[in-house]
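Trainee: Quick one: the structure is below, questions incoming.
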Amino acid sequence: MEPERENTGRQQPKSDRKRRRAPNLLVGAIGVLRAGWGFEDRHPEVKRARLSTVLFAENCEVTHDQLCELLKYAIPGKCSIPKPSWCQLFPQNHLNNVVVFVLQGMSQIHFYRFYLEFGFLRKAFRHKFRLPSPSSDFLADIFGLRKKEMTKDLSRPSNGPLPFANSRVSIDLPNNPIVLKYGCKKMGLTKCLLTVEEMKTFHFPLQGVPDCENFVPTKCNGSVTDNSPLFGLDCEMCLTAKGRELTRISLVAEGGDCVMDELVKPDNKIVDYLTSFSGITKKSLSPVTTRLKDVQRQLKALLPPNAVLVGHSLDLDLRALKMIHPHVIDTSLLYVRKQGRRFKLKFLAKAILGKDIQNRDGLGHDATEDARTALELARYFLKHGPKKVAELNLEALVGHQELHASDQGPRSMVAVAQQPDTSVVGCLHSAGQKLLFLTRETDKSELSSSRSCRTIKCSSNKEVLDRARMEVPLSPFSIVQLSFEGLSPTLTEEMNQRMRSKWAEILTVYAGPFGKTCTLETLRRLFKSFGTIRSLRLVHETHEPHCCVQYEVLEAAQLAIESLDGVLLDGSRVKVQRPVTELTLDCDTLVKELEQDSENRGTIYLAGVGEAFRERLLREVVLFPGLEAVMLPKDLGHREQRKHCFLKFKTLGSAQRALSIFTGPEWKLKGRHALTPRHLHVWLKNSPPPATRPPEQHAIPPPSEQEALQVLKGDHPKMAAWHWGRKITKLYHSLGAGTLCLLLLPGTKSSDGSLPGLGLMGIRTEEESASLHVCE
């Protein structure tokens with residue numbers, strides 16, 4: 001098995017009980033994303049650290065646990081930590097320092113309410129993501145200290161599934177991803193097979209796909225029924241001069257018998273045997289004469305025409321084999337998980353089958369064991385049905401999987417004391433390093449009392465940054481926390497309401513005059529061609545007919561203005577504009593800055609896409625080099641695909657070339673460069689609409705915020721965004737190349753509930769020293 005490959009963070013097709021629903025996020029069809037998992041190995045010549053992330057979660061949210069994964073993996077000199085599941089940092093050993101800035105008391109609302117004031121910070125950090133609502137101790141969560149505390153009250157069973165596996169407490173069955181996809185009733189084998197559409201989405205090798213021209217089909221083209229035979233398959237790979245190549249294949253029949261277990265000698269020179277994962281050594285492979293073509297021939301002979309292959313992340317195994325097989329069950333996709341993530345095979349084996357696998361103490365995985373386990377997992381699903389699987393509450397268990405990997409009895413207090421410290425602080429300690437934590441004297445975080453943490457408490461935010469300029473460049477891993485806890489909850493809620501109102505007005509356009517023969521349906525067709533419409537109404541206060549249109553996304557409103565303003569329609573020259581209020585006076589500046597936002601660079605918006613768009617794009621993908629992801633939003637109410645989409649490209653140049661093709665005579669779509677980061681779009685879509693008011697009424701700021709904006713005291717978030725963003729920028733410029741930087745706004749609590757946070761991250765490069773400047 002490949003290390004961590006089942007947890008790659010690729011988006012699951014979001015589906016209801018109808019098996020063939022189209023996914024709302026198409027990834028992997030162009031091969032770029034899947035290639036990323038082996039980037040470090042395929043490009044050993046890269047000498048500087050780089051960061052890549054494409055978030056597949058429906059709400060673009062990175063959990064505290066996922067953030068902890070990245071922080072542990074980024075520890076300089078610590079190479080034994082598993083790779084994070086949601087982003088790629090390569091090469092890790094070229095990362096020199098880690099600096100985490102925390103703006104305690106701020107949230108995503110603060111960032112976008114004062115978007116222009118955050119200036120350099122929003123441009124410097126290419127990657128942005130939403131954070132969940134804040135907990136009582138944000139730093140303890142993202143550094144894994146809470147998990148350490150949990151170990152004191154948990155014990156491992158001697159055998160069988162993990163504890164709580166049969167508990168129905170706090171299980172929301174109707175919203176469980178397994179029930180949402182399959183329903184509750186038991187089903188036959190054919191319902192578990194991946195559809196051709198799903199195989200395309202998850203980059204399984206298929207005939208006709210550009211990168212599979214030389215792949216060999218298994219010739220298993222027989223009709224598959226619920227009684228067709230299942231075969232478990234698992235492959236191990238090593239690293240060669242040409243990438244990862246097959247070194248072992250295991251095939252297990254439905255009764256559990258191993259019918260094929262072959263070592264394979266790669267055609268190219270081996271660079272790394274990956275023994276800790278594959279179990280393959282130079283000694284074991286030296287006498288082997290079997291080659292890939294021999295294995296392909298043998299596998300074709302063994303499999304009957306109606307064979308169904310079962311595996312965990314089976315697409316990787318088939319690509320290693322360079323073979324195409326039409327009937328597959330992938331247990332990493334069968335056991336659907338939230339946010340598009342995947343359960344590890346080791347976890348599923350313990351939680352469901354009560355088996356401990358992959359416990360060979362550095363000798364690598366046993367391919368036969370893994371193939372047999374995947375087969376047993378598929379049979380369990382078929383036997384017990386999706387409802388029973390959902391009741392196992394796997395999502396609740398996965399956070400504790402490292403506590404249940406052994407088959408020993410209940411732990412004593414001595415065993416608890418010997419449990420390895422898997423927190424970020426513990427990993428730093430094991431690497432011979434110490435965490436530097438700069439914070440205010442009022443901080444009560446559990447982190448500040450850790451013995452493996454050098455804590456410096458200061459009397460003010462200014463003192464925190466002054467000390468940081470001296471201390472951070474000398475520390476391999478630092479946290480700089482500024483506190484804005486003094487912000488009024490009332491003021492925060494007012495900002496929340498005004499944010500909603502501002503975006504509602506930015507999404508709105510007024511257009512006219514139109515001819516008196518123009519109908520509402522004609523106008524609806526015209527404006528719908530630019531994107532999904534929330535509402536459209538005629539304006540009766542004018543002498544000639546006008547209309548008011550509110551769009552679902554900012555790109556559609558902007559495209560309507562750019563396309564129709566000044567156009568002659570039915571003898572009338574149409575004027576298209578946004579309402580002019582206090583909230584929209586700087587709209588042109590805001591749109592320009594959003595378009596230049598690093599999160600939006602390389603992303604385009606297309607309107608007018610139909611159901612055949614996805615299939616045509618897959619057929620003609622060679623026309624669009626650098627395509628990384630395709631986002632196809634869905635109408636959650638009607639479960640239908642929207643008529644617009646977003647395409648993310650590797651570079652701005654690739655995006656511009658693609659846009660010219662899509663808007664050309666062949667595709668005939670409308671489009672422009674993206675303006676809305678996806679996490680912001682999700683928040684806006686899910687936010688309740690602002691209080692309505694007559695269209696002619698101007699937006700008057702609530703008294704408390706209006707007064708605060710006039711006074712602009714230093715602790716007001718508008719001033720804080722500008723002032724402290726500028727200060728952090730200066731500190732950022734003092735950092736050396738190869739420094740991973742994160743800026744975290746943890747989120748806040750208000751009378752209406754919790755507000756989500758926001759994370760920004762990037763790696764400081766040499767080029768920035770010459771290209772980025774700070775206004776003194």
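Starting from 1 in every chain, residues are counted up; chains themselves are A, B, ... following the order of the structure tokens, and ligands are numbered from 1 as listed.
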Leaving out Cys518 in chain A and any residue of its chain fewer than 5 positions from it, which residues lie within 12 Å of it when counting only C-alpha atoms, given as a PyMOL selection string?
Mentor: chain A and resi 512-513+523-526+538+544-547+569-572
Trainee: Could you name the residues that touch range 504-511 of chain A at 6 Å or less, counting only C-alpha atoms, but leaving out those on the same chain fewer than 6 positions away, as a PyMOL selection string?
Mentor: chain A and resi 546-551+554+557+575-578
Trainee: Pull N, CA, C and O atoms from the residues just selected and write them as an mmCIF file, in the first residue's frame.
Mentor:
```
data_model
loop_
_atom_site.group_PDB
_atom_site.id
_atom_site.type_symbol
_atom_site.label_atom_id
_atom_site.label_comp_id
_atom_site.auth_asym_id
_atom_site.auth_seq_id
_atom_site.Cartn_x
_atom_site.Cartn_y
_atom_site.Cartn_z
ATOM 1 N N HIS A 546 -37.544 49.675 -16.338
ATOM 2 C CA HIS A 546 -36.240 49.249 -15.811
ATOM 3 C C HIS A 546 -36.459 47.959 -15.029
ATOM 4 O O HIS A 546 -37.598 47.584 -14.729
ATOM 5 N N CYS A 547 -35.374 47.302 -14.698
ATOM 6 C CA CYS A 547 -35.491 46.100 -13.865
ATOM 7 C C CYS A 547 -34.369 46.064 -12.835
ATOM 8 O O CYS A 547 -33.319 46.709 -13.003
ATOM 9 N N CYS A 548 -34.606 45.322 -11.779
ATOM 10 C CA CYS A 548 -33.618 45.113 -10.706
ATOM 11 C C CYS A 548 -33.335 43.612 -10.634
ATOM 12 O O CYS A 548 -34.258 42.807 -10.477
ATOM 13 N N VAL A 549 -32.064 43.249 -10.766
ATOM 14 C CA VAL A 549 -31.664 41.841 -10.788
ATOM 15 C C VAL A 549 -30.647 41.584 -9.683
ATOM 16 O O VAL A 549 -29.670 42.335 -9.556
ATOM 17 N N GLN A 550 -30.879 40.559 -8.872
ATOM 18 C CA GLN A 550 -29.874 40.154 -7.887
ATOM 19 C C GLN A 550 -29.365 38.767 -8.269
ATOM 20 O O GLN A 550 -30.139 37.836 -8.450
ATOM 21 N N TYR A 551 -28.042 38.668 -8.383
ATOM 22 C CA TYR A 551 -27.397 37.419 -8.793
ATOM 23 C C TYR A 551 -26.944 36.617 -7.581
ATOM 24 O O TYR A 551 -26.859 37.137 -6.459
ATOM 25 N N LEU A 554 -20.941 37.100 -7.459
ATOM 26 C CA LEU A 554 -20.462 38.414 -7.855
ATOM 27 C C LEU A 554 -20.033 38.433 -9.321
ATOM 28 O O LEU A 554 -20.220 39.424 -10.028
ATOM 29 N N ALA A 557 -22.931 39.255 -11.697
ATOM 30 C CA ALA A 557 -23.319 40.669 -11.685
ATOM 31 C C ALA A 557 -22.310 41.521 -12.447
ATOM 32 O O ALA A 557 -22.685 42.401 -13.237
ATOM 33 N N LYS A 575 -28.508 51.227 -19.696
ATOM 34 C CA LYS A 575 -27.549 51.538 -18.631
ATOM 35 C C LYS A 575 -27.658 50.456 -17.569
ATOM 36 O O LYS A 575 -28.739 50.158 -17.066
ATOM 37 N N VAL A 576 -26.534 49.828 -17.235
ATOM 38 C CA VAL A 576 -26.513 48.778 -16.207
ATOM 39 C C VAL A 576 -25.562 49.209 -15.113
ATOM 40 O O VAL A 576 -24.381 49.495 -15.366
ATOM 41 N N GLN A 577 -26.054 49.271 -13.886
ATOM 42 C CA GLN A 577 -25.232 49.759 -12.775
ATOM 43 C C GLN A 577 -25.712 49.174 -11.463
ATOM 44 O O GLN A 577 -26.823 48.669 -11.354
ATOM 45 N N ARG A 578 -24.840 49.251 -10.480
ATOM 46 C CA ARG A 578 -25.210 48.835 -9.130
ATOM 47 C C ARG A 578 -25.911 49.986 -8.417
ATOM 48 O O ARG A 578 -25.733 51.151 -8.773
#
```
Trainee: Looking at A:Gly119, A:Pro210, A:Gly105, A:Gly188, which one is nearest to Arg619 in chain A, with distances taken over only C-alpha atoms?
Mentor: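 Closest candidate: A:Pro210.
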Trainee: Excluding Ile109 in chain A and any residue of its chain fewer than 6 positions from it, enumerate the residues within 8 Å of it, using only C-alpha atoms, and give them as a PyMOL selection string.
Mentor: chain A and resi 495-496+499+755
Trainee: For Gly243 in chain A, which residue out of A:Phe613, A:Phe231, A:Phe649, A:Tyr273 is the nearest one, using only C-alpha atoms?
Mentor: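 Smallest separation from Gly243 in chain A among the options: A:Tyr273.
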Trainee: When distances are computed from only C-alpha atoms, which of A:His723, A:Arg454, A:His365, A:Lys346 shows the smallest separation from Ile280 in chain A?
Mentor: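 Residue with the minimum atom-to-atom distance to Ile280 in chain A: A:His365.
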Trainee: Can you pull out every residue within 12 Å of Pro217 in chain A, counting only C-alpha atoms, but drop anything in the same chain fewer than 3 positions away, and send it as JSON, numbers by chain?
Mentor: {"A": [205, 206, 207, 208, 212, 213, 214, 220, 221, 296, 297, 299, 300, 301, 303, 305, 318, 319, 321, 322, 323, 324, 325, 326, 327]}
Trainee: If you keep C-alpha atoms, can you produce a file of those selected residues as an mmCIF file, in the first residue's frame?
Mentor:
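File produced: selection22.cif:
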```
data_model
loop_
_atom_site.group_PDB
_atom_site.id
_atom_site.type_symbol
_atom_site.label_atom_id
_atom_site.label_comp_id
_atom_site.auth_asym_id
_atom_site.auth_seq_id
_atom_site.Cartn_x
_atom_site.Cartn_y
_atom_site.Cartn_z
ATOM 1 C CA PRO A 205 -7.359 4.501 -16.028
ATOM 2 C CA LEU A 206 -9.918 4.320 -18.830
ATOM 3 C CA GLN A 207 -9.797 3.686 -22.527
ATOM 4 C CA GLY A 208 -9.657 6.900 -24.529
ATOM 5 C CA CYS A 212 -3.704 5.775 -20.791
ATOM 6 C CA GLU A 213 -2.841 5.079 -24.458
ATOM 7 C CA ASN A 214 -0.368 2.307 -23.598
ATOM 8 C CA CYS A 220 -13.146 -8.475 -18.500
ATOM 9 C CA ASN A 221 -16.087 -7.178 -20.489
ATOM 10 C CA GLN A 296 -0.203 -8.131 -17.048
ATOM 11 C CA ARG A 297 -0.390 -11.359 -19.054
ATOM 12 C CA LEU A 299 -3.593 -11.226 -14.515
ATOM 13 C CA LYS A 300 -5.532 -11.301 -17.791
ATOM 14 C CA ALA A 301 -5.442 -15.090 -17.709
ATOM 15 C CA LEU A 303 -9.572 -12.990 -14.127
ATOM 16 C CA PRO A 305 -14.906 -12.033 -17.829
ATOM 17 C CA LEU A 318 -4.289 -0.063 -11.648
ATOM 18 C CA ARG A 319 -2.019 2.769 -12.762
ATOM 19 C CA LEU A 321 -0.124 -2.118 -13.304
ATOM 20 C CA LYS A 322 -0.811 0.061 -16.375
ATOM 21 C CA MET A 323 -4.057 -1.837 -16.834
ATOM 22 C CA ILE A 324 -7.685 -0.896 -17.437
ATOM 23 C CA HIS A 325 -10.504 -2.746 -15.689
ATOM 24 C CA PRO A 326 -14.155 -1.662 -16.026
ATOM 25 C CA HIS A 327 -15.713 -3.146 -12.857
#
```
